[in-house]
Amino acid sequence: MPSREKTLLFGGAFCGSAGSFVLLCVVLATRSWVTSDIRFAGANSSVSVTLTVTYGLFQGVCEQTVAGGLHISESPFQVADTLKNAETRATNVAIIVLLVLALLSSLLSAGFTGMNVVSNPYQTFLGPIGVYTWNVTNGILTLLVLILFPVNIENYGLSVELAEVCYAIPTTYMNSKNTYGYSYWIMLLIIFLNIATIIIIYFYDHARYYKKKEQERPIENAPKDVILF
């Protein structure tokens, strides 16, 4: 059976890994990644149209506002069906794949930490090394998503492309403003949980190393009466 210290530390690490898994599910399931206000000029240059698109990786909704503040009802859309540009489509697919891999790594981390709460695995990789590996992997994958999503919007014009499909009437793009939502910023918390899990396991690994060194002291450091005996 694992020691009380190991149970407590790996129990805390398990909570961090499980929390990361739950947050990744929220990130994938919600559509509050970004809200973009895109302004277009109509056929009559004196009339402007503002489209507000709020979307995630799979679904979104767009709302039209014409000059004078008149709002038109929201219309939902599927991101995958709307994208036509190869760059925006490929980047969106890459983000989904990275998040699925991050989800898998967080699940494996939770499995490894949960196993160490109740047992002492014989295989070295099932211990701290495995926990380090999956949490570092999870953090890197999540960081890549944090970088790729804004690139898809700012460089490849993802929001503008979605807005143009929502508003089929010919217009001229003027400007846009992007506000990233909680679904995007949650990924910072996921990275923080990965770091916290690594730190917890490091403390356990460090304490175990020095305890083992103490038990393997050279015989010359032992008391003289023990040596004589």
# chains A, B, ... in the order shown; residues from 1 in each chain; ligands from 1
$ select_by_dssp --residues "range 10-194 of chain A" --states "helix (DSSP H, G or I)" --output "JSON, numbers by chain"
{"A": [10, 11, 12, 13, 14, 15, 16, 17, 18, 19, 20, 21, 22, 23, 24, 25, 26, 27, 28, 29, 79, 80, 81, 82, 86, 87, 88, 89, 90, 91, 92, 93, 94, 95, 96, 97, 98, 99, 100, 101, 102, 103, 104, 105, 106, 107, 108, 109, 110, 111, 112, 113, 114, 115, 116, 117, 118, 124, 125, 126, 128, 129, 130, 131, 132, 133, 134, 135, 136, 137, 138, 139, 140, 141, 142, 143, 144, 145, 146, 147, 148, 149, 150, 151, 152, 153, 154, 158, 159, 160, 161, 162, 163, 164, 165, 166, 182, 183, 184, 185, 186, 187, 188, 189, 190, 191, 192, 193, 194]}
$ residues_around --residues "Pro128 in chain A" --least-positions-apart "6" --cutoff "8 Å" --atoms "only C-alpha atoms" --output "compact mmCIF listing (two decimals) with C-alpha atoms, in the first residue's frame"
# COMPACT_ATOMS: atom_id res chain seq x y z
CA ILE A 201 4.60 15.19 -8.16
CA TYR A 202 8.03 16.85 -8.18
CA ASP A 205 9.66 12.58 -6.18
$ residues_around --residues "Phe10 in chain A" --least-positions-apart "3" --cutoff "7 Å" --atoms "only C-alpha atoms" --output "ChimeraX atom specification"
/A:6-7,13-14,113,116-117,201
$ residues_around --residues "Ser20 in chain A" --least-positions-apart "3" --cutoff "10 Å" --atoms "only C-alpha atoms" --output "list in words"
Phe14, Cys15, Gly16, Ser17, Leu23, Leu24, Cys25, Val26, Ala102, Leu103, Ser105, Ser106, Leu107, Ser109, Ala110, Asn135, Asn138, Gly139, Ile186, Met187, Leu189, Ile190, Ile191, Phe192, Leu193, Asn194 and Thr197 of chain A
